[in-house]
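Below: one structure, written as C-alpha coordinates.
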Amino acid sequence: MTSEANSIDLTQPQGPVLVVGGAGYIGSHCVALLQRRGVEVAVFDDLSTGHAEAISAPLVVGSLGDREAIAAALEAHRPSAVIHFAAKCYVGESVTDPAIYYRENVHYTWNLLEEMRAASVSDIVFSSTCATYGEPREVPIPDDHPQDPINPYGRTKLHMEHMMRDYSRAYGMRYAALRYFNAAGAATAGGIGEDHSPETHLIPLVLEVALGQREKIMVFGDDYETRDGTCIRDYIHVDDLGDAHLRALAHLQAGRGDLECHLGTGNGFTVMEIIEAAREITGQAIPAEVVARREGDPAMLVAGGSRAFDVLGWRPARGDVRDVIRDAWAFHSAHPSGYAAG
(Lines give C-alpha, C1' and ligand atoms only; values in the text may rest on other atoms or scores of the structure.)
Protein backbone atom coordinates (compact mmCIF):
# COMPACT_ATOMS: atom_id res chain seq x y z
CA MET A 1 0.00 0.00 0.00
CA THR A 2 1.43 3.39 -0.92
CA SER A 3 1.88 6.30 1.47
CA GLU A 4 -0.90 8.05 -0.48
CA ALA A 5 -3.38 5.31 0.43
CA ASN A 6 -2.07 5.16 4.01
CA SER A 7 -2.65 8.84 4.81
CA ILE A 8 -6.44 8.53 5.16
CA ASP A 9 -8.88 5.76 6.04
CA LEU A 10 -10.19 4.85 2.60
CA THR A 11 -12.35 2.07 4.02
CA GLN A 12 -14.76 4.57 5.58
CA PRO A 13 -16.59 6.91 3.20
CA GLN A 14 -18.88 9.62 4.52
CA GLY A 15 -22.63 9.67 3.95
CA PRO A 16 -25.35 10.05 3.09
CA VAL A 17 -25.01 8.17 -0.22
CA LEU A 18 -27.59 7.53 -2.95
CA VAL A 19 -26.98 4.18 -4.66
CA VAL A 20 -28.55 4.19 -8.12
CA GLY A 21 -29.33 0.65 -9.21
CA GLY A 22 -28.80 -0.40 -5.59
CA ALA A 23 -31.34 -3.23 -5.71
CA GLY A 24 -29.32 -5.08 -8.35
CA TYR A 25 -26.70 -7.76 -7.84
CA ILE A 26 -23.57 -5.70 -7.23
CA GLY A 27 -25.48 -2.65 -6.00
CA SER A 28 -27.25 -4.54 -3.21
CA HIS A 29 -23.95 -5.90 -1.92
CA CYS A 30 -22.48 -2.38 -1.93
CA VAL A 31 -25.52 -1.08 -0.04
CA ALA A 32 -25.14 -3.80 2.60
CA LEU A 33 -21.46 -3.00 3.04
CA LEU A 34 -22.19 0.74 3.39
CA GLN A 35 -24.75 -0.06 6.06
CA ARG A 36 -22.36 -2.36 7.94
CA ARG A 37 -19.89 0.53 8.06
CA GLY A 38 -22.52 2.88 9.46
CA VAL A 39 -22.99 5.03 6.35
CA GLU A 40 -26.46 6.46 5.76
CA VAL A 41 -27.68 5.14 2.41
CA ALA A 42 -30.75 5.26 0.18
CA VAL A 43 -31.47 3.35 -3.04
CA PHE A 44 -32.90 4.59 -6.36
CA ASP A 45 -33.94 1.70 -8.62
CA ASP A 46 -36.69 0.96 -11.15
CA LEU A 47 -36.69 -2.74 -10.10
CA SER A 48 -36.62 -3.85 -13.74
CA THR A 49 -33.80 -6.24 -12.88
CA GLY A 50 -33.22 -5.51 -9.19
CA HIS A 51 -34.97 -6.98 -6.15
CA ALA A 52 -36.47 -4.99 -3.32
CA GLU A 53 -35.93 -8.07 -1.13
CA ALA A 54 -32.16 -7.65 -1.53
CA ILE A 55 -31.99 -4.38 0.42
CA SER A 56 -33.06 -3.00 3.77
CA ALA A 57 -32.25 0.64 2.97
CA PRO A 58 -34.87 3.26 2.06
CA LEU A 59 -35.94 2.60 -1.54
CA VAL A 60 -37.12 5.12 -4.13
CA VAL A 61 -38.69 3.26 -7.05
CA GLY A 62 -37.99 5.35 -10.11
CA SER A 63 -36.37 5.47 -13.53
CA LEU A 64 -33.34 7.46 -14.62
CA GLY A 65 -35.49 8.32 -17.62
CA ASP A 66 -37.57 10.51 -15.29
CA ARG A 67 -35.59 13.59 -14.30
CA GLU A 68 -38.29 14.74 -11.91
CA ALA A 69 -37.97 11.44 -10.03
CA ILE A 70 -34.18 11.83 -9.84
CA ALA A 71 -34.53 15.39 -8.57
CA ALA A 72 -37.08 14.31 -5.95
CA ALA A 73 -34.80 11.53 -4.69
CA LEU A 74 -31.85 13.91 -4.41
CA GLU A 75 -34.01 16.44 -2.58
CA ALA A 76 -35.49 13.85 -0.20
CA HIS A 77 -32.21 12.16 0.76
CA ARG A 78 -29.70 14.99 0.19
CA PRO A 79 -26.76 12.69 -0.55
CA SER A 80 -23.18 13.84 -0.43
CA ALA A 81 -22.37 11.40 -3.25
CA VAL A 82 -23.87 8.95 -5.75
CA ILE A 83 -22.77 5.42 -6.62
CA HIS A 84 -24.10 4.54 -10.08
CA PHE A 85 -24.80 0.89 -10.95
CA ALA A 86 -27.88 1.31 -13.17
CA ALA A 87 -27.29 0.17 -16.76
CA LYS A 88 -28.21 -2.42 -19.35
CA CYS A 89 -25.49 -5.06 -19.43
CA TYR A 90 -26.11 -7.87 -21.95
CA VAL A 91 -23.63 -7.89 -24.82
CA GLY A 92 -25.82 -9.90 -27.21
CA GLU A 93 -28.85 -7.71 -26.59
CA SER A 94 -26.74 -4.60 -27.15
CA VAL A 95 -25.87 -5.89 -30.63
CA THR A 96 -29.44 -6.76 -31.65
CA ASP A 97 -31.07 -3.69 -30.04
CA PRO A 98 -28.46 -0.97 -29.50
CA ALA A 99 -31.10 1.76 -29.18
CA ILE A 100 -31.98 0.52 -25.68
CA TYR A 101 -28.34 0.77 -24.62
CA TYR A 102 -27.78 4.28 -25.94
CA ARG A 103 -31.00 5.42 -24.27
CA GLU A 104 -30.72 3.70 -20.89
CA ASN A 105 -26.95 3.80 -20.47
CA VAL A 106 -25.90 7.04 -22.12
CA HIS A 107 -28.96 9.32 -22.11
CA TYR A 108 -30.16 8.24 -18.68
CA THR A 109 -26.69 8.83 -17.22
CA TRP A 110 -26.76 12.34 -18.69
CA ASN A 111 -30.09 12.84 -16.87
CA LEU A 112 -28.44 11.75 -13.61
CA LEU A 113 -25.41 13.99 -14.06
CA GLU A 114 -27.58 16.99 -14.86
CA GLU A 115 -29.74 16.50 -11.77
CA MET A 116 -26.67 15.94 -9.61
CA ARG A 117 -25.25 19.20 -10.95
CA ALA A 118 -28.50 21.03 -10.19
CA ALA A 119 -28.48 19.64 -6.65
CA SER A 120 -24.77 20.42 -6.12
CA VAL A 121 -23.84 16.77 -5.63
CA SER A 122 -20.32 16.56 -7.00
CA ASP A 123 -19.02 13.01 -6.32
CA ILE A 124 -19.96 9.91 -8.33
CA VAL A 125 -18.53 6.39 -8.35
CA PHE A 126 -19.43 4.64 -11.60
CA SER A 127 -19.79 0.93 -12.35
CA SER A 128 -17.92 0.54 -15.64
CA THR A 129 -16.55 -2.59 -17.31
CA CYS A 130 -13.44 -4.15 -18.81
CA ALA A 131 -15.57 -4.44 -21.99
CA THR A 132 -14.42 -0.87 -22.72
CA TYR A 133 -11.00 -2.35 -23.56
CA GLY A 134 -12.35 -4.53 -26.38
CA GLU A 135 -10.16 -7.34 -27.69
CA PRO A 136 -7.10 -7.41 -25.40
CA ARG A 137 -3.81 -6.52 -27.03
CA GLU A 138 -1.90 -7.83 -24.02
CA VAL A 139 -2.79 -10.13 -21.12
CA PRO A 140 -2.77 -9.50 -18.19
CA ILE A 141 -4.58 -6.28 -19.14
CA PRO A 142 -3.11 -3.08 -17.65
CA ASP A 143 -5.22 -0.12 -16.54
CA ASP A 144 -3.89 2.00 -19.38
CA HIS A 145 -4.77 -0.56 -22.06
CA PRO A 146 -6.33 1.27 -25.05
CA GLN A 147 -10.12 1.46 -24.82
CA ASP A 148 -11.54 0.14 -28.08
CA PRO A 149 -14.85 -1.63 -27.32
CA ILE A 150 -16.22 -4.07 -29.88
CA ASN A 151 -19.93 -4.00 -29.03
CA PRO A 152 -22.58 -1.41 -28.14
CA TYR A 153 -22.53 -2.42 -24.47
CA GLY A 154 -18.85 -1.58 -24.15
CA ARG A 155 -19.19 1.53 -26.30
CA THR A 156 -22.04 2.93 -24.21
CA LYS A 157 -20.11 2.34 -21.00
CA LEU A 158 -17.15 4.18 -22.52
CA HIS A 159 -19.44 7.06 -23.51
CA MET A 160 -20.59 7.21 -19.89
CA GLU A 161 -16.97 7.45 -18.74
CA HIS A 162 -16.33 10.22 -21.27
CA MET A 163 -19.33 12.19 -20.01
CA MET A 164 -18.05 12.03 -16.45
CA ARG A 165 -14.58 13.07 -17.53
CA ASP A 166 -16.00 16.07 -19.40
CA TYR A 167 -18.29 17.04 -16.50
CA SER A 168 -15.30 16.87 -14.18
CA ARG A 169 -13.27 19.22 -16.36
CA ALA A 170 -16.10 21.66 -17.07
CA TYR A 171 -18.15 21.65 -13.86
CA GLY A 172 -15.86 20.38 -11.12
CA MET A 173 -17.63 17.06 -10.60
CA ARG A 174 -15.42 14.29 -9.26
CA TYR A 175 -15.71 10.73 -10.55
CA ALA A 176 -14.27 7.26 -10.22
CA ALA A 177 -14.81 4.83 -13.13
CA LEU A 178 -14.28 1.24 -11.96
CA ARG A 179 -13.96 -1.29 -14.78
CA TYR A 180 -14.89 -4.74 -13.53
CA PHE A 181 -13.79 -8.11 -14.72
CA ASN A 182 -16.20 -11.01 -13.88
CA ALA A 183 -18.27 -10.24 -10.78
CA ALA A 184 -19.22 -13.43 -8.94
CA GLY A 185 -20.08 -14.92 -5.56
CA ALA A 186 -22.46 -13.80 -2.83
CA ALA A 187 -22.26 -11.88 0.41
CA THR A 188 -20.22 -13.67 3.05
CA ALA A 189 -22.60 -12.14 5.61
CA GLY A 190 -25.38 -14.16 3.96
CA GLY A 191 -28.86 -13.40 2.69
CA ILE A 192 -28.12 -11.79 -0.66
CA GLY A 193 -26.59 -13.04 -3.87
CA GLU A 194 -26.99 -13.28 -7.65
CA ASP A 195 -30.49 -13.54 -9.14
CA HIS A 196 -30.76 -12.63 -12.83
CA SER A 197 -33.44 -13.43 -15.38
CA PRO A 198 -32.21 -14.55 -17.79
CA GLU A 199 -29.02 -15.80 -16.19
CA THR A 200 -25.93 -15.51 -18.38
CA HIS A 201 -23.03 -15.77 -15.92
CA LEU A 202 -21.01 -18.98 -15.77
CA ILE A 203 -20.91 -19.67 -12.02
CA PRO A 204 -24.67 -19.39 -11.33
CA LEU A 205 -25.38 -21.39 -14.50
CA VAL A 206 -23.07 -24.16 -13.29
CA LEU A 207 -24.77 -24.10 -9.89
CA GLU A 208 -28.19 -24.36 -11.53
CA VAL A 209 -26.99 -27.66 -13.01
CA ALA A 210 -25.88 -28.75 -9.53
CA LEU A 211 -29.36 -27.92 -8.25
CA GLY A 212 -30.99 -29.99 -11.00
CA GLN A 213 -32.50 -26.92 -12.66
CA ARG A 214 -30.50 -27.45 -15.86
CA GLU A 215 -29.54 -30.72 -17.49
CA LYS A 216 -25.97 -29.67 -18.29
CA ILE A 217 -23.64 -26.73 -18.69
CA MET A 218 -22.60 -25.72 -22.19
CA VAL A 219 -18.89 -25.09 -22.72
CA PHE A 220 -18.35 -22.80 -25.70
CA GLY A 221 -15.17 -24.11 -27.28
CA ASP A 222 -12.28 -26.22 -25.99
CA ASP A 223 -9.73 -25.34 -28.67
CA TYR A 224 -8.42 -22.03 -27.34
CA GLU A 225 -4.71 -21.58 -26.67
CA THR A 226 -5.12 -22.00 -22.92
CA ARG A 227 -4.01 -24.68 -20.48
CA ASP A 228 -7.10 -26.86 -21.06
CA GLY A 229 -8.48 -25.31 -24.25
CA THR A 230 -11.33 -23.38 -22.58
CA CYS A 231 -11.58 -19.62 -22.02
CA ILE A 232 -9.86 -18.03 -19.04
CA ARG A 233 -11.56 -15.29 -17.00
CA ASP A 234 -10.76 -13.25 -13.88
CA TYR A 235 -13.53 -13.76 -11.27
CA ILE A 236 -13.80 -11.10 -8.57
CA HIS A 237 -15.88 -11.62 -5.44
CA VAL A 238 -18.82 -9.22 -5.21
CA ASP A 239 -17.89 -8.25 -1.64
CA ASP A 240 -14.43 -7.26 -2.86
CA LEU A 241 -16.09 -5.10 -5.51
CA GLY A 242 -18.16 -3.41 -2.82
CA ASP A 243 -15.05 -2.67 -0.78
CA ALA A 244 -13.41 -1.07 -3.82
CA HIS A 245 -16.43 1.20 -4.34
CA LEU A 246 -16.30 2.42 -0.76
CA ARG A 247 -12.59 3.12 -1.06
CA ALA A 248 -13.11 4.97 -4.35
CA LEU A 249 -15.80 7.10 -2.75
CA ALA A 250 -13.60 7.96 0.23
CA HIS A 251 -10.82 8.81 -2.25
CA LEU A 252 -13.08 11.32 -4.02
CA GLN A 253 -14.38 12.77 -0.77
CA ALA A 254 -10.79 13.35 0.36
CA GLY A 255 -10.28 15.57 -2.71
CA ARG A 256 -7.68 13.30 -4.28
CA GLY A 257 -8.92 13.71 -7.83
CA ASP A 258 -10.64 11.55 -10.39
CA LEU A 259 -9.84 7.86 -10.76
CA GLU A 260 -10.09 5.43 -13.66
CA CYS A 261 -9.01 1.86 -12.98
CA HIS A 262 -10.04 -1.73 -13.36
CA LEU A 263 -10.97 -4.22 -10.66
CA GLY A 264 -9.76 -7.79 -10.93
CA THR A 265 -7.78 -10.34 -8.96
CA GLY A 266 -5.00 -10.94 -11.47
CA ASN A 267 -5.85 -14.67 -11.34
CA GLY A 268 -7.42 -16.40 -14.31
CA PHE A 269 -9.46 -19.61 -14.22
CA THR A 270 -10.62 -21.68 -17.18
CA VAL A 271 -14.23 -22.68 -17.74
CA MET A 272 -13.37 -26.31 -16.95
CA GLU A 273 -11.57 -25.28 -13.74
CA ILE A 274 -14.75 -23.48 -12.63
CA ILE A 275 -16.83 -26.56 -13.38
CA GLU A 276 -14.40 -28.87 -11.56
CA ALA A 277 -14.30 -26.58 -8.52
CA ALA A 278 -18.12 -26.49 -8.47
CA ARG A 279 -18.26 -30.29 -8.63
CA GLU A 280 -15.94 -30.49 -5.64
CA ILE A 281 -17.85 -27.89 -3.58
CA THR A 282 -21.39 -29.07 -4.38
CA GLY A 283 -20.73 -32.81 -4.51
CA GLN A 284 -22.73 -32.98 -7.75
CA ALA A 285 -21.64 -34.44 -11.10
CA ILE A 286 -22.51 -31.30 -13.16
CA PRO A 287 -22.55 -32.72 -16.71
CA ALA A 288 -20.86 -30.51 -19.31
CA GLU A 289 -21.11 -30.49 -23.09
CA VAL A 290 -18.57 -28.81 -25.36
CA VAL A 291 -20.14 -26.91 -28.26
CA ALA A 292 -18.83 -24.45 -30.84
CA ARG A 293 -17.14 -21.26 -29.80
CA ARG A 294 -19.22 -18.11 -29.40
CA GLU A 295 -18.29 -15.28 -31.71
CA GLY A 296 -16.30 -12.58 -29.96
CA ASP A 297 -15.15 -14.59 -26.92
CA PRO A 298 -11.47 -13.73 -26.25
CA ALA A 299 -9.32 -16.61 -25.04
CA MET A 300 -8.16 -14.73 -21.92
CA LEU A 301 -9.41 -11.76 -19.92
CA VAL A 302 -7.30 -11.24 -16.80
CA ALA A 303 -6.47 -8.03 -14.95
CA GLY A 304 -2.93 -6.80 -14.66
CA GLY A 305 -1.60 -4.73 -11.76
CA SER A 306 -4.26 -2.17 -10.95
CA ARG A 307 -4.20 1.48 -9.92
CA ALA A 308 -6.73 0.37 -7.34
CA PHE A 309 -3.91 -1.43 -5.53
CA ASP A 310 -1.68 1.64 -5.34
CA VAL A 311 -4.18 4.50 -5.10
CA LEU A 312 -6.86 2.87 -2.92
CA GLY A 313 -4.77 0.37 -0.98
CA TRP A 314 -7.27 -2.23 -2.18
CA ARG A 315 -6.59 -5.95 -2.45
CA PRO A 316 -9.14 -8.68 -3.21
CA ALA A 317 -9.64 -10.68 -0.02
CA ARG A 318 -11.10 -13.66 -1.90
CA GLY A 319 -8.79 -14.30 -4.84
CA ASP A 320 -9.31 -18.09 -4.69
CA VAL A 321 -12.21 -18.92 -6.99
CA ARG A 322 -13.26 -21.73 -4.63
CA ASP A 323 -14.19 -19.12 -2.04
CA VAL A 324 -16.27 -17.32 -4.68
CA ILE A 325 -18.08 -20.52 -5.68
CA ARG A 326 -18.57 -21.60 -2.06
CA ASP A 327 -20.32 -18.32 -1.18
CA ALA A 328 -22.42 -18.45 -4.36
CA TRP A 329 -23.43 -22.05 -3.58
CA ALA A 330 -24.53 -21.06 -0.07
CA PHE A 331 -26.87 -18.43 -1.54
CA HIS A 332 -28.22 -20.57 -4.38
CA SER A 333 -28.78 -23.54 -2.06
CA ALA A 334 -30.83 -21.36 0.27
CA HIS A 335 -32.61 -19.55 -2.59
CA PRO A 336 -32.98 -22.12 -5.41
CA SER A 337 -35.61 -19.94 -7.12
CA GLY A 338 -33.88 -16.66 -6.31
CA TYR A 339 -35.41 -14.07 -4.02
CA ALA A 340 -38.87 -15.37 -4.89
CA ALA A 341 -38.09 -18.41 -2.73
CA GLY A 342 -37.45 -16.29 0.34
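Going by the C-alpha coordinates order, chains are called A, B, ..., each with residues numbered from 1, while ligands are numbered from 1 in the order shown.
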(message) So that I can see what lies close to Arg318 in chain A, please list as a VMD selection string the residues with an atom at most 7 Å from it, counting only C-alpha atoms and leaving out residues fewer than 5 positions away in the same chain.
(response) chain A and resid 237 323 to 324
Take the residues just selected and output them with N, CA and C atoms as a PDB file, in the first residue's frame.
```pdb
ATOM      1  N   HIS A 237     -14.796 -11.447  -6.400  1.00  0.00           N
ATOM      2  CA  HIS A 237     -15.883 -11.622  -5.443  1.00  0.00           C
ATOM      3  C   HIS A 237     -16.659 -10.310  -5.290  1.00  0.00           C
ATOM      4  N   ASP A 323     -13.458 -19.926  -3.015  1.00  0.00           N
ATOM      5  CA  ASP A 323     -14.194 -19.116  -2.042  1.00  0.00           C
ATOM      6  C   ASP A 323     -15.386 -18.439  -2.710  1.00  0.00           C
ATOM      7  N   VAL A 324     -15.188 -17.961  -3.926  1.00  0.00           N
ATOM      8  CA  VAL A 324     -16.268 -17.321  -4.676  1.00  0.00           C
ATOM      9  C   VAL A 324     -17.405 -18.305  -4.906  1.00  0.00           C
TER      10      VAL A 324
END
```
(request) If you run DSSP over the backbone, which residues in range 23-60 of chain A end up strand (DSSP E)? Put them as a PyMOL selection string. (result) chain A and resi 41-45+59-60
(message) So the first atom is CA of Phe331 in chain A and the second is CA of Glu273 in chain A; what is the distance between them in Å, to one decimal place?
(response)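 Taking CA of Phe331 in chain A and CA of Glu273 in chain A, their separation equals 20.7 Å.
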(request) Just the residues within 8 Å of Val125 in chain A, please, counting only C-alpha atoms, with nothing from its chain fewer than 5 positions along; format it as number ranges by chain. (result) A: 82-84, 175-178, 245, 248-249
For range 180-236 of chain A against range 295-304 of chain A, with a cut-off of 9 Å and counting only C-alpha atoms, what is the closest atom pair and its distance in Å to one decimal for every residue that makes the cut, ordered by chain and number, as CSV?
```
residue,atom,partner,partner_atom,distance
A:Phe181,CA,A:Ala303,CA,7.3
A:Phe220,CA,A:Asp297,CA,8.9
A:Tyr224,CA,A:Ala299,CA,6.0
A:Glu225,CA,A:Ala299,CA,7.0
A:Thr226,CA,A:Ala299,CA,7.2
A:Gly229,CA,A:Ala299,CA,8.8
A:Thr230,CA,A:Ala299,CA,7.5
A:Cys231,CA,A:Ala299,CA,4.8
A:Ile232,CA,A:Met300,CA,4.7
A:Arg233,CA,A:Leu301,CA,5.1
A:Asp234,CA,A:Val302,CA,5.0
A:Tyr235,CA,A:Val302,CA,8.7
```
Please write the residues from the selection above to a file, keeping N, CA and C atoms, as a CSV table (one decimal), in the first residue's frame.
```csv
chain,number,residue,atom,x,y,z
A,181,PHE,N,-13.9,-6.9,-14.0
A,181,PHE,CA,-13.8,-8.1,-14.7
A,181,PHE,C,-15.0,-8.9,-14.3
A,220,PHE,N,-18.5,-23.3,-24.3
A,220,PHE,CA,-18.4,-22.8,-25.7
A,220,PHE,C,-16.9,-22.8,-26.2
A,224,TYR,N,-9.2,-23.3,-27.5
A,224,TYR,CA,-8.4,-22.0,-27.3
A,224,TYR,C,-7.0,-22.3,-26.9
A,225,GLU,N,-6.1,-21.4,-27.1
A,225,GLU,CA,-4.7,-21.6,-26.7
A,225,GLU,C,-4.6,-21.3,-25.2
A,226,THR,N,-5.2,-22.1,-24.4
A,226,THR,CA,-5.1,-22.0,-22.9
A,226,THR,C,-4.7,-23.4,-22.4
A,229,GLY,N,-7.7,-25.6,-23.0
A,229,GLY,CA,-8.5,-25.3,-24.3
A,229,GLY,C,-9.7,-24.5,-24.1
A,230,THR,N,-10.1,-24.2,-22.8
A,230,THR,CA,-11.3,-23.4,-22.6
A,230,THR,C,-10.9,-22.0,-22.1
A,231,CYS,N,-11.9,-21.0,-22.3
A,231,CYS,CA,-11.6,-19.6,-22.0
A,231,CYS,C,-11.2,-19.4,-20.6
A,232,ILE,N,-10.3,-18.4,-20.4
A,232,ILE,CA,-9.9,-18.0,-19.0
A,232,ILE,C,-10.4,-16.7,-18.7
A,233,ARG,N,-11.0,-16.5,-17.5
A,233,ARG,CA,-11.6,-15.3,-17.0
A,233,ARG,C,-11.1,-15.0,-15.6
A,234,ASP,N,-11.2,-13.7,-15.2
A,234,ASP,CA,-10.8,-13.2,-13.9
A,234,ASP,C,-12.1,-13.0,-13.1
A,235,TYR,N,-12.3,-13.8,-12.1
A,235,TYR,CA,-13.5,-13.8,-11.3
A,235,TYR,C,-13.3,-13.0,-10.0
```
